[in-house]
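Text of the file upload32.txt, holding compact mmCIF, C-alpha atoms:
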```txt
# COMPACT_ATOMS: atom_id res chain seq x y z
CA MET A 1 -15.15 -0.84 -38.29
CA ALA A 2 -11.36 -0.60 -37.68
CA GLY A 3 -12.17 1.39 -34.56
CA GLY A 4 -14.36 -1.43 -33.32
CA ILE A 5 -11.58 -3.97 -33.76
CA ALA A 6 -9.07 -1.70 -32.00
CA LEU A 7 -11.47 -1.32 -29.09
CA LYS A 8 -11.87 -5.08 -28.88
CA LEU A 9 -8.09 -5.50 -28.85
CA VAL A 10 -7.71 -2.96 -26.04
CA SER A 11 -10.46 -4.69 -24.13
CA PHE A 12 -8.78 -8.07 -24.63
CA ALA A 13 -5.47 -6.65 -23.39
CA CYS A 14 -7.25 -5.31 -20.31
CA ALA A 15 -8.83 -8.70 -19.68
CA VAL A 16 -5.44 -10.44 -19.92
CA HIS A 17 -4.00 -7.89 -17.53
CA LEU A 18 -6.83 -8.37 -15.03
CA PHE A 19 -6.32 -12.14 -15.19
CA ALA A 20 -2.60 -11.71 -14.48
CA GLU A 21 -3.33 -9.30 -11.65
CA TYR A 22 -6.04 -11.30 -9.90
CA ILE A 23 -5.57 -14.97 -10.81
CA GLY A 24 -1.98 -15.61 -11.71
CA THR A 25 0.71 -15.09 -14.29
CA PRO A 26 3.99 -16.47 -15.61
CA SER A 27 6.81 -14.26 -14.32
CA ASN A 28 10.44 -13.91 -15.14
CA MET A 29 12.89 -14.44 -12.28
CA SER A 30 16.17 -12.63 -11.96
CA GLY A 31 18.67 -12.13 -9.18
CA VAL A 32 20.96 -14.34 -7.17
CA SER A 33 19.23 -14.03 -3.80
CA MET A 34 17.21 -17.24 -4.19
CA LEU A 35 20.04 -19.54 -5.33
CA PRO A 36 19.98 -22.57 -5.41
CA THR A 37 16.17 -22.76 -5.60
CA PHE A 38 16.12 -20.40 -8.59
CA ALA A 39 18.94 -19.72 -11.01
CA GLY A 40 20.19 -16.16 -11.32
CA SER A 41 18.36 -15.56 -14.61
CA GLY A 42 16.40 -17.08 -17.47
CA GLU A 43 13.74 -18.89 -15.44
CA ILE A 44 10.00 -18.46 -15.71
CA VAL A 45 7.73 -19.32 -12.81
CA ILE A 46 4.00 -19.38 -12.18
CA GLU A 47 3.01 -16.68 -9.73
CA ASP A 48 -0.31 -17.37 -8.03
CA ARG A 49 -2.05 -14.09 -7.18
CA LEU A 50 -5.44 -15.51 -6.27
CA SER A 51 -4.58 -17.12 -2.93
CA ILE A 52 -3.21 -13.86 -1.49
CA ARG A 53 -6.28 -11.97 -2.80
CA LEU A 54 -8.59 -14.48 -1.14
CA SER A 55 -6.72 -14.73 2.12
CA PRO A 56 -4.17 -11.93 2.59
CA THR A 57 -2.69 -13.49 5.72
CA GLY A 58 -2.72 -17.09 4.47
CA VAL A 59 1.00 -17.80 4.27
CA ALA A 60 2.95 -20.55 6.01
CA ARG A 61 6.57 -20.89 7.05
CA GLY A 62 8.54 -22.15 4.07
CA ASP A 63 6.29 -20.67 1.35
CA LEU A 64 7.91 -18.95 -1.60
CA VAL A 65 6.28 -15.54 -1.87
CA THR A 66 6.53 -12.44 -4.01
CA LEU A 67 6.07 -9.06 -2.40
CA ARG A 68 6.61 -5.39 -3.02
CA SER A 69 9.96 -4.32 -1.67
CA PRO A 70 9.62 -2.35 1.58
CA ILE A 71 12.53 -0.12 0.57
CA GLU A 72 11.82 0.34 -3.16
CA PRO A 73 8.08 0.67 -3.80
CA SER A 74 8.27 -0.16 -7.51
CA ARG A 75 10.28 -3.36 -7.12
CA ILE A 76 8.89 -6.87 -6.71
CA ILE A 77 11.03 -9.28 -4.73
CA CYS A 78 10.80 -13.05 -4.18
CA LYS A 79 11.72 -14.54 -0.80
CA ARG A 80 10.92 -17.42 1.50
CA VAL A 81 8.71 -16.98 4.57
CA ILE A 82 10.66 -17.82 7.72
CA GLY A 83 8.55 -16.46 10.56
CA LEU A 84 4.91 -15.63 11.20
CA PRO A 85 3.44 -13.11 13.68
CA GLY A 86 4.44 -13.98 17.23
CA ASP A 87 7.45 -16.13 16.28
CA ILE A 88 10.80 -15.48 17.93
CA ILE A 89 13.43 -15.29 15.22
CA CYS A 90 17.20 -15.37 15.38
CA VAL A 91 18.09 -12.33 13.26
CA ASP A 92 21.12 -13.87 11.59
CA PRO A 93 22.33 -17.35 12.58
CA THR A 94 25.52 -16.82 10.54
CA GLY A 95 26.39 -13.75 12.60
CA LEU A 96 27.21 -11.77 9.43
CA LYS A 97 24.71 -8.94 9.66
CA ALA A 98 23.86 -9.11 13.36
CA PRO A 99 25.30 -10.99 16.32
CA SER A 100 23.95 -14.56 16.23
CA THR A 101 22.52 -14.13 19.72
CA GLU A 102 20.13 -11.32 18.68
CA HIS A 103 16.48 -12.34 18.57
CA VAL A 104 13.29 -10.48 17.69
CA ILE A 105 9.57 -11.19 18.03
CA VAL A 106 7.70 -10.81 14.71
CA PRO A 107 4.92 -8.24 15.35
CA GLU A 108 1.24 -8.63 14.51
CA GLY A 109 0.49 -8.50 10.78
CA HIS A 110 4.14 -8.97 9.83
CA ILE A 111 6.33 -11.81 8.55
CA TRP A 112 10.05 -12.56 8.56
CA ILE A 113 11.42 -13.22 5.07
CA SER A 114 14.77 -14.39 3.84
CA GLY A 115 16.46 -15.33 0.58
CA ASP A 116 17.74 -18.88 0.19
CA ASN A 117 21.19 -17.55 -0.66
CA ALA A 118 22.00 -15.98 2.71
CA ALA A 119 25.36 -14.63 1.58
CA CYS A 120 23.83 -12.60 -1.24
CA SER A 121 20.36 -11.50 -0.23
CA ARG A 122 18.84 -8.34 1.17
CA ASP A 123 15.95 -9.40 3.36
CA SER A 124 14.51 -9.16 6.86
CA ARG A 125 18.02 -9.37 8.29
CA ASP A 126 18.56 -5.89 6.86
CA TYR A 127 15.15 -4.26 7.10
CA GLY A 128 13.44 -6.28 9.81
CA PRO A 129 9.99 -7.89 9.73
CA VAL A 130 7.86 -6.83 6.74
CA SER A 131 4.15 -6.08 6.66
CA MET A 132 1.88 -8.81 5.25
CA SER A 133 0.13 -6.03 3.31
CA LEU A 134 3.11 -6.00 0.95
CA LEU A 135 2.50 -9.61 -0.14
CA ARG A 136 1.52 -10.13 -3.79
CA GLY A 137 1.57 -13.81 -4.59
CA LYS A 138 3.01 -17.26 -4.13
CA ILE A 139 5.39 -19.06 -6.46
CA ARG A 140 3.76 -22.36 -7.43
CA ALA A 141 5.88 -23.86 -10.19
CA ARG A 142 8.79 -23.36 -12.50
CA ILE A 143 7.86 -23.82 -16.17
CA TRP A 144 10.99 -22.69 -17.96
CA PRO A 145 13.48 -24.17 -18.83
CA PRO A 146 11.36 -27.29 -19.46
CA SER A 147 14.09 -29.63 -18.19
CA GLU A 148 13.90 -27.91 -14.82
CA PHE A 149 10.12 -28.11 -14.48
CA THR A 150 9.25 -28.19 -10.78
CA ILE A 151 6.15 -27.82 -8.68
CA PHE A 152 7.03 -26.15 -5.40
CA ARG A 153 5.53 -27.68 -2.31
CA ASN A 154 6.07 -26.35 1.16
CA PRO A 155 9.20 -28.18 2.38
CA THR A 156 8.69 -27.52 6.08
CA THR A 157 8.25 -30.45 8.42
CA TYR A 158 7.36 -29.93 12.05
CA ILE A 159 8.74 -32.07 14.84
CA ASP A 160 6.36 -32.40 17.75
CA MET B 161 -38.39 -11.48 -30.36
CA LYS B 162 -38.47 -11.22 -26.59
CA SER B 163 -34.73 -11.51 -26.12
CA ARG B 164 -33.90 -8.65 -28.50
CA PRO B 165 -33.51 -5.84 -25.92
CA ARG B 166 -31.36 -8.03 -23.70
CA MET B 167 -29.05 -8.91 -26.57
CA HIS B 168 -28.72 -5.23 -27.25
CA SER B 169 -27.47 -4.44 -23.77
CA LEU B 170 -25.12 -7.41 -23.75
CA ARG B 171 -23.41 -6.08 -26.86
CA TRP B 172 -21.40 -3.72 -24.67
CA LEU B 173 -20.31 -6.41 -22.25
CA HIS B 174 -17.01 -6.91 -24.03
CA LEU B 175 -15.98 -3.42 -22.89
CA LEU B 176 -16.20 -4.46 -19.24
CA PRO B 177 -12.44 -5.17 -18.85
CA ILE B 178 -11.60 -1.63 -19.99
CA GLY B 179 -13.93 -0.24 -17.36
CA ALA B 180 -12.49 -2.48 -14.68
CA VAL B 181 -8.93 -1.46 -15.50
CA ALA B 182 -9.89 2.23 -15.55
CA CYS B 183 -11.45 1.94 -12.10
CA GLU B 184 -8.52 -0.05 -10.75
CA TYR B 185 -5.69 2.14 -12.00
CA PHE B 186 -6.96 5.65 -12.55
CA TYR B 187 -9.59 7.00 -10.18
CA LYS B 188 -11.50 5.46 -7.33
CA ILE B 189 -14.47 6.75 -5.41
CA LYS B 190 -14.35 5.91 -1.74
CA VAL B 191 -16.42 6.58 1.34
CA VAL B 192 -14.42 7.80 4.31
CA ASN B 193 -15.25 5.93 7.46
CA GLY B 194 -14.18 6.78 10.97
CA ARG B 195 -13.02 9.85 12.76
CA SER B 196 -9.25 9.79 12.40
CA MET B 197 -9.17 12.60 9.81
CA GLN B 198 -11.49 14.97 11.68
CA PRO B 199 -12.01 17.88 11.25
CA THR B 200 -10.62 17.80 7.69
CA LEU B 201 -12.82 14.86 6.69
CA ASN B 202 -16.06 13.64 8.25
CA PRO B 203 -16.52 16.80 10.36
CA ASP B 204 -20.16 15.85 11.04
CA TRP B 205 -19.41 12.25 11.67
CA LEU B 206 -22.77 11.35 13.12
CA LEU B 207 -24.73 12.84 10.22
CA SER B 208 -22.91 11.78 7.11
CA ARG B 209 -19.81 10.16 5.69
CA ASP B 210 -17.59 12.02 3.26
CA VAL B 211 -17.19 10.62 -0.23
CA GLY B 212 -14.03 11.46 -2.16
CA VAL B 213 -12.30 10.83 -5.48
CA PHE B 214 -8.91 9.19 -5.10
CA ASP B 215 -6.17 9.34 -7.71
CA VAL B 216 -4.51 5.93 -8.12
CA PHE B 217 -2.53 6.63 -11.27
CA SER B 218 -0.25 9.41 -10.05
CA VAL B 219 0.56 7.45 -6.90
CA GLN B 220 1.16 4.00 -8.41
CA ALA B 221 2.66 4.91 -11.76
CA LYS B 222 4.37 8.21 -11.08
CA HIS B 223 4.96 7.99 -7.31
CA HIS B 224 3.67 11.53 -6.85
CA TYR B 225 2.96 12.04 -3.19
CA THR B 226 4.51 14.38 -0.72
CA ARG B 227 4.22 15.84 2.75
CA GLY B 228 0.70 17.03 3.47
CA ASP B 229 -1.12 14.73 1.01
CA VAL B 230 -4.09 12.80 2.31
CA VAL B 231 -3.67 9.20 1.15
CA ALA B 232 -5.49 5.88 1.27
CA LEU B 233 -3.16 3.07 2.30
CA VAL B 234 -3.35 -0.58 3.30
CA SER B 235 -2.84 -0.95 7.03
CA PRO B 236 0.62 -2.38 7.76
CA MET B 237 -0.88 -4.34 10.67
CA ASN B 238 -3.85 -5.84 8.83
CA PRO B 239 -3.87 -6.38 5.04
CA GLU B 240 -7.66 -6.39 4.95
CA ARG B 241 -8.00 -2.85 6.29
CA MET B 242 -7.67 0.43 4.39
CA LEU B 243 -6.62 3.54 6.28
CA ILE B 244 -6.87 7.19 5.35
CA LYS B 245 -4.07 9.34 6.75
CA ARG B 246 -1.99 12.39 6.00
CA ILE B 247 1.67 12.04 5.00
CA LEU B 248 3.68 13.98 7.55
CA ALA B 249 7.18 13.12 6.42
CA VAL B 250 8.95 11.27 3.59
CA GLU B 251 12.18 9.27 3.42
CA GLY B 252 15.20 10.96 4.96
CA ASP B 253 13.17 13.35 7.15
CA VAL B 254 13.58 13.53 10.91
CA VAL B 255 10.23 13.66 12.72
CA GLN B 256 9.26 14.49 16.27
CA THR B 257 6.98 11.67 17.32
CA LEU B 258 4.00 11.66 19.64
CA PRO B 259 3.28 9.11 22.36
CA PRO B 260 2.97 6.06 22.31
CA TYR B 261 6.00 5.95 19.97
CA PRO B 262 9.00 4.85 22.07
CA ASP B 263 11.59 7.34 20.70
CA PRO B 264 11.29 11.16 20.76
CA THR B 265 12.49 11.52 17.16
CA VAL B 266 12.81 9.12 14.25
CA ILE B 267 14.65 9.19 10.92
CA ILE B 268 12.34 7.93 8.16
CA PRO B 269 14.11 5.03 6.40
CA LYS B 270 14.47 4.64 2.65
CA GLY B 271 11.21 3.86 0.85
CA HIS B 272 9.06 4.75 3.86
CA VAL B 273 6.74 7.57 4.92
CA TRP B 274 5.36 8.79 8.24
CA VAL B 275 1.55 8.99 8.28
CA GLU B 276 -0.78 10.48 10.87
CA GLY B 277 -4.47 11.20 11.22
CA ASP B 278 -5.51 14.82 11.72
CA GLU B 279 -7.33 13.95 14.93
CA SER B 280 -4.45 12.76 17.10
CA PHE B 281 -6.58 11.19 19.84
CA ARG B 282 -8.57 8.77 17.73
CA THR B 283 -6.08 7.52 15.24
CA ASP B 284 -4.00 4.43 14.66
CA ASP B 285 -1.04 5.87 12.83
CA SER B 286 2.75 5.89 12.56
CA ASN B 287 3.02 6.83 16.23
CA ARG B 288 1.70 3.36 16.90
CA PHE B 289 3.19 1.27 14.09
CA GLY B 290 6.19 3.36 12.98
CA PRO B 291 7.14 4.45 9.44
CA VAL B 292 5.20 2.59 6.72
CA PRO B 293 6.56 1.34 3.35
CA SER B 294 5.50 3.66 0.51
CA ALA B 295 4.43 0.55 -1.43
CA LEU B 296 1.36 0.42 0.82
CA ILE B 297 0.07 3.80 -0.40
CA GLU B 298 -2.76 3.12 -2.83
CA SER B 299 -4.10 6.51 -3.85
CA LYS B 300 -4.41 10.11 -2.80
CA LEU B 301 -7.47 12.24 -2.18
CA ILE B 302 -7.99 14.80 -4.94
CA SER B 303 -11.55 15.95 -4.43
CA ILE B 304 -14.59 15.67 -2.22
CA ILE B 305 -17.92 14.94 -3.90
CA TRP B 306 -20.15 14.53 -0.85
CA PRO B 307 -21.48 16.37 1.19
CA LEU B 308 -22.36 18.92 -1.46
CA ASN B 309 -21.52 21.98 0.66
CA ARG B 310 -17.87 20.96 0.62
CA PHE B 311 -17.91 19.69 -3.00
CA GLY B 312 -14.74 20.57 -4.84
CA VAL B 313 -11.03 20.02 -5.29
CA PHE B 314 -9.33 18.93 -2.10
CA ARG B 315 -6.40 21.13 -1.08
CA SER B 316 -3.84 19.42 1.08
CA LYS B 317 -2.50 22.81 2.22
CA PRO B 318 -5.19 25.13 3.70
CA SER B 319 -5.29 28.53 2.06
CA ILE B 320 -4.31 31.50 4.24
CA ASN B 321 -6.51 33.84 2.25
CA MET B 322 -9.59 34.47 4.39
CA ASP B 323 -11.35 37.21 2.43
CA GLY B 324 -15.08 36.94 2.16
CA LEU B 325 -15.51 34.29 4.86
CA ASP B 326 -17.96 34.61 7.73
CA GLU B 327 -16.72 34.38 11.31
CA PRO B 328 -17.18 30.60 11.96
CA SER B 329 -15.55 29.50 8.72
CA ARG B 330 -12.77 32.03 9.29
CA ARG B 331 -12.10 30.38 12.65
CA HIS B 332 -12.13 26.89 11.04
CA GLN B 333 -9.72 28.08 8.41
CA LYS B 334 -7.38 29.57 11.01
CA ASP B 335 -7.39 26.29 12.96
CA ALA B 336 -6.57 24.39 9.80
CA VAL B 337 -3.65 26.74 9.06
CA ASP B 338 -2.38 26.35 12.64
CA ARG B 339 -2.54 22.56 12.42
CA ASP B 340 -0.68 22.69 9.13
CA ARG B 341 2.08 24.85 10.67
CA TRP B 342 2.28 22.49 13.65
CA ARG B 343 2.66 19.47 11.33
CA ASP B 344 5.36 21.32 9.40
CA SER B 345 7.24 22.19 12.58
CA ARG B 346 7.40 18.54 13.64
CA VAL B 347 9.52 17.62 10.64
CA VAL B 348 12.71 18.88 12.25
CA ARG B 349 15.07 18.08 9.42
CA ARG B 350 14.61 17.36 5.70
CA PRO B 351 17.18 15.74 3.41
CA GLY B 352 19.64 18.27 2.03
CA GLN B 353 19.10 20.53 5.00
CA SER B 354 21.97 20.63 7.51
CA ALA B 355 21.35 19.84 11.17
```

Rewrite the structure from the file as structure tokens, please.
Amino acid sequence: MAGGIALKLVSFACAVHLFAEYIGTPSNMSGVSMLPTFAGSGEIVIEDRLSIRLSPTGVARGDLVTLRSPIEPSRIICKRVIGLPGDIICVDPTGLKAPSTEHVIVPEGHIWISGDNAACSRDSRDYGPVSMSLLRGKIRARIWPPSEFTIFRNPTTYID
Amino acid sequence: MKSRPRMHSLRWLHLLPIGAVACEYFYKIKVVNGRSMQPTLNPDWLLSRDVGVFDVFSVQAKHHYTRGDVVALVSPMNPERMLIKRILAVEGDVVQTLPPYPDPTVIIPKGHVWVEGDESFRTDDSNRFGPVPSALIESKLISIIWPLNRFGVFRSKPSINMDGLDEPSRRHQKDAVDRDRWRDSRVVRRPGQSA
């Protein structure tokens, strides 16, 4: 009988894990690269995994995304999408990491990502455009601390 | 009374998540499509497709993959496509590229690998899209289960022992060994080895 209960517990844990992996999960944020959108530590956000599963290329400029780091396979990073395939991007407008006149075209199946805190972020300015296949999810809301509760909407406006 | 047998089979339904997790993170069975790994995989492409067992756990959890391994990876150009390729070089290696790659040699950056198909004419590989992030590697081929005449553990390095083989398979084996040597020779420098 105890074995049966243990099995049910394991099964429940697996179900929770599958939900987190396919639908969405609260995740802990750490790191200064997304200041001032996210604090350096102690914040919990809702990571939506379902939209990327359903449409792996369905991201827009300005979205907050999580992805597997192209330089460290076991690390998950959070950045903002700046450019989509075909866009011409100025590598670094501040001129810190590359001359501000250098431009690149984002190749097919790739995106250009950048941290909100340009001074303290390792992103496409260092490793170039990243493959969309590395995308994991989108950040939808911040739920902790409660006083800072926010729903993130895409802030981009286009001027025609 | 009629619903009794159905209830009985539904009793095991609560174990479904365990099964799903096991399939997702430990071993996967996949059918190999396409000709890019010929003649290692799908040698009789018109007649049948190879079916293999892929090890997810040692790739995702332990990051065990090295030069010569045949791996399944998500295409860096299209997230909806899976590719099957051989790892030619790992981070820090210097590789001699093939056309259409623009540079004659390339240093594999941190966290990346260089992948190629065994059949160099019909493959979309690193010579086209450059080094790929290791995070895209999903699993590695550990054994072939179909067709039955090649059933068994998959060896990424061909054996040079040719005792007891008939003439055609001896020739196949020799070709495989030659290709393996050629792949090896294209990694011109490995980390820790001086120029």

All residues 8 Å or closer to range 171-181 of chain B, only C-alpha atoms, same chain fewer than 3 positions away omitted, as a list in words: Leu7, Lys8, Val10, Ser11, Phe12, Cys14, Ala15 and Leu18 of chain A; Met167, His168, Glu184, Tyr185 and Phe186 of chain B

Restricting the output to C-alpha atoms, write the selected residues as a compact mmCIF listing (two decimals), keeping the file's coordinate frame.
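The resulting out-v9.txt:
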```txt
# COMPACT_ATOMS: atom_id res chain seq x y z
CA LEU A 7 -11.47 -1.32 -29.09
CA LYS A 8 -11.87 -5.08 -28.88
CA VAL A 10 -7.71 -2.96 -26.04
CA SER A 11 -10.46 -4.69 -24.13
CA PHE A 12 -8.78 -8.07 -24.63
CA CYS A 14 -7.25 -5.31 -20.31
CA ALA A 15 -8.83 -8.70 -19.68
CA LEU A 18 -6.83 -8.37 -15.03
CA MET B 167 -29.05 -8.91 -26.57
CA HIS B 168 -28.72 -5.23 -27.25
CA GLU B 184 -8.52 -0.05 -10.75
CA TYR B 185 -5.69 2.14 -12.00
CA PHE B 186 -6.96 5.65 -12.55
```

Around (-7.1, 8.0, -2.6) in the file's own coordinates, what residues are found within 12 Å if you use all atoms listed in the file, given back as number ranges by chain? B: 184-192, 211-220, 225, 229-234, 242-246, 296-304, 314

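With distances taken over all atoms listed in the file, A:His110 is the one residue among A:Arg122, A:His103, A:Arg49, A:His110 lying closest to chain B.
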
CA of Tyr22 in chain A to CA of Trp274 in chain B, straight-line distance in Å: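 The value is 29.4 Å.
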
Residue neighbourhood Pro107 in chain A, 7 Å, all atoms listed in the file, exclusion window fewer than 2 positions, as a ChimeraX atom specification = /A:85-86,105,109-110

Practice task
Tell me which of A:Thr157, A:Trp112, A:Arg125, A:Leu67 sits closest to Gly95 in chain A, counting only C-alpha atoms.
Solution key: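 Of A:Thr157, A:Trp112, A:Arg125, A:Leu67, the one nearest Gly95 in chain A is A:Arg125, counting only C-alpha atoms.
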
Residues of chain B that have any atom at most 6 Å from an atom of chain A: could you tabulate them with the shortest-distance atom pair and the distance in Å to one decimal, using all atoms listed in the file, ordered by chain and increasing number, as a tab-separated table?
```
residue	atom	partner	partner_atom	distance
B:Leu175	CA	A:Ser11	CA	5.8
B:Pro177	CA	A:Ala15	CA	5.1
B:Ile178	CA	A:Ser11	CA	5.3
B:Pro236	CA	A:Ser131	CA	5.2
B:Met237	CA	A:Gly109	CA	4.4
B:Asn238	CA	A:Gly109	CA	5.5
B:Pro239	CA	A:Ser133	CA	4.4
B:Lys270	CA	A:Ile71	CA	5.5
B:Gly271	CA	A:Ile71	CA	4.2
B:Pro293	CA	A:Pro70	CA	5.1
B:Ser294	CA	A:Pro73	CA	5.8
B:Ala295	CA	A:Pro73	CA	4.4
```

Interatomic distance (Å, one decimal) between CA of Asp123 in chain A and CA of Glu102 in chain A
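Interatomic distance, CA of Asp123 in chain A to CA of Glu102 in chain A: 16.0 Å.
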
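Excluding Pro146 in chain A itself and any same-chain residue fewer than 4 positions from it, the protein and nucleic acid residues within 10 Å of it, counting all atoms listed in the file, are Glu43, Ile44, Arg142 and Thr150 of chain A.
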
Limited to C-alpha atoms, could you put the picked residues into a file as a PDB file, in the frame of the given file?
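Output below, filename out-v8.pdb:
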```pdb
ATOM      1  CA  GLU A  43      13.740 -18.890 -15.440  1.00  0.00           C
ATOM      2  CA  ILE A  44      10.000 -18.460 -15.710  1.00  0.00           C
ATOM      3  CA  ARG A 142       8.790 -23.360 -12.500  1.00  0.00           C
ATOM      4  CA  THR A 150       9.250 -28.190 -10.780  1.00  0.00           C
TER       5      THR A 150
END
```

Padding 8 Å on each side, edges along x, y and z: where is the centre of the box around the listed atoms of range 60-78 of chain A, and how long are its edges in Å to one decimal? Output it as lines of an AutoDock Vina configuration file.
```
center_x = 7.7
center_y = -10.7
center_z = -0.2
size_x = 25.6
size_y = 38.8
size_z = 30.6
```

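Using all atoms listed in the file for every distance, the candidate list B:Cys183, B:Val292, B:Asp323, B:Arg310 yields B:Val292 as the residue closest to Pro129 in chain A.
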
| said: Set the distance at 6 Å and use only C-alpha atoms: which residues neighbour Gly24 in chain A once local chain neighbours fewer than 2 positions away are removed? I'd like the list as a VMD selection string. | reply: chain A and resid 20 47 to 49

Nearest to Arg227 in chain B by atom-to-atom distance, counting all atoms listed in the file, from B:Ala182, B:Val255, B:Leu207, B:Leu325
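For Arg227 in chain B, the nearest of the candidates is B:Val255.
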
For CA of Val250 in chain B and CA of Ser280 in chain B, quote the distance in Å rounded to one decimal.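 These atoms are spaced 19.1 Å apart.
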
Kindly output range 286-300 of chain B as a PDB file, in the coordinates of the input, after building N, CA, C and O atoms.
```
ATOM      1  N   SER B 286       1.332   6.221  12.436  1.00  0.00           N
ATOM      2  CA  SER B 286       2.750   5.890  12.560  1.00  0.00           C
ATOM      3  C   SER B 286       3.248   5.992  13.999  1.00  0.00           C
ATOM      4  O   SER B 286       4.230   5.353  14.352  1.00  0.00           O
ATOM      5  N   ASN B 287       2.591   6.788  14.833  1.00  0.00           N
ATOM      6  CA  ASN B 287       3.020   6.830  16.230  1.00  0.00           C
ATOM      7  C   ASN B 287       2.790   5.501  16.920  1.00  0.00           C
ATOM      8  O   ASN B 287       3.372   5.230  17.961  1.00  0.00           O
ATOM      9  N   ARG B 288       1.935   4.683  16.353  1.00  0.00           N
ATOM     10  CA  ARG B 288       1.700   3.360  16.900  1.00  0.00           C
ATOM     11  C   ARG B 288       2.534   2.297  16.163  1.00  0.00           C
ATOM     12  O   ARG B 288       3.209   1.497  16.774  1.00  0.00           O
ATOM     13  N   PHE B 289       2.499   2.344  14.817  1.00  0.00           N
ATOM     14  CA  PHE B 289       3.190   1.270  14.090  1.00  0.00           C
ATOM     15  C   PHE B 289       4.468   1.700  13.376  1.00  0.00           C
ATOM     16  O   PHE B 289       5.061   0.917  12.652  1.00  0.00           O
ATOM     17  N   GLY B 290       4.920   2.929  13.567  1.00  0.00           N
ATOM     18  CA  GLY B 290       6.190   3.360  12.980  1.00  0.00           C
ATOM     19  C   GLY B 290       6.052   3.740  11.513  1.00  0.00           C
ATOM     20  O   GLY B 290       4.955   3.758  10.968  1.00  0.00           O
ATOM     21  N   PRO B 291       7.184   4.069  10.860  1.00  0.00           N
ATOM     22  CA  PRO B 291       7.140   4.450   9.440  1.00  0.00           C
ATOM     23  C   PRO B 291       6.555   3.307   8.606  1.00  0.00           C
ATOM     24  O   PRO B 291       6.773   2.136   8.927  1.00  0.00           O
ATOM     25  N   VAL B 292       5.793   3.629   7.563  1.00  0.00           N
ATOM     26  CA  VAL B 292       5.200   2.590   6.720  1.00  0.00           C
ATOM     27  C   VAL B 292       5.855   2.591   5.332  1.00  0.00           C
ATOM     28  O   VAL B 292       6.228   3.637   4.831  1.00  0.00           O
ATOM     29  N   PRO B 293       5.999   1.395   4.709  1.00  0.00           N
ATOM     30  CA  PRO B 293       6.560   1.340   3.350  1.00  0.00           C
ATOM     31  C   PRO B 293       5.681   2.107   2.366  1.00  0.00           C
ATOM     32  O   PRO B 293       4.459   1.976   2.407  1.00  0.00           O
ATOM     33  N   SER B 294       6.299   2.892   1.480  1.00  0.00           N
ATOM     34  CA  SER B 294       5.500   3.660   0.510  1.00  0.00           C
ATOM     35  C   SER B 294       4.722   2.749  -0.419  1.00  0.00           C
ATOM     36  O   SER B 294       3.732   3.175  -1.014  1.00  0.00           O
ATOM     37  N   ALA B 295       5.147   1.489  -0.560  1.00  0.00           N
ATOM     38  CA  ALA B 295       4.430   0.550  -1.430  1.00  0.00           C
ATOM     39  C   ALA B 295       3.010   0.316  -0.942  1.00  0.00           C
ATOM     40  O   ALA B 295       2.165  -0.169  -1.699  1.00  0.00           O
ATOM     41  N   LEU B 296       2.715   0.649   0.305  1.00  0.00           N
ATOM     42  CA  LEU B 296       1.360   0.420   0.820  1.00  0.00           C
ATOM     43  C   LEU B 296       0.406   1.553   0.453  1.00  0.00           C
ATOM     44  O   LEU B 296      -0.797   1.420   0.609  1.00  0.00           O
ATOM     45  N   ILE B 297       0.948   2.690  -0.027  1.00  0.00           N
ATOM     46  CA  ILE B 297       0.070   3.800  -0.400  1.00  0.00           C
ATOM     47  C   ILE B 297      -0.657   3.444  -1.684  1.00  0.00           C
ATOM     48  O   ILE B 297      -0.032   3.087  -2.677  1.00  0.00           O
ATOM     49  N   GLU B 298      -2.000   3.521  -1.666  1.00  0.00           N
ATOM     50  CA  GLU B 298      -2.760   3.120  -2.830  1.00  0.00           C
ATOM     51  C   GLU B 298      -3.137   4.298  -3.692  1.00  0.00           C
ATOM     52  O   GLU B 298      -3.036   4.249  -4.911  1.00  0.00           O
ATOM     53  N   SER B 299      -3.585   5.381  -3.081  1.00  0.00           N
ATOM     54  CA  SER B 299      -4.100   6.510  -3.850  1.00  0.00           C
ATOM     55  C   SER B 299      -4.120   7.739  -2.972  1.00  0.00           C
ATOM     56  O   SER B 299      -3.993   7.648  -1.753  1.00  0.00           O
ATOM     57  N   LYS B 300      -4.301   8.912  -3.629  1.00  0.00           N
ATOM     58  CA  LYS B 300      -4.410  10.110  -2.800  1.00  0.00           C
ATOM     59  C   LYS B 300      -5.713  10.845  -3.093  1.00  0.00           C
ATOM     60  O   LYS B 300      -6.247  10.786  -4.201  1.00  0.00           O
TER      61      LYS B 300
END
```
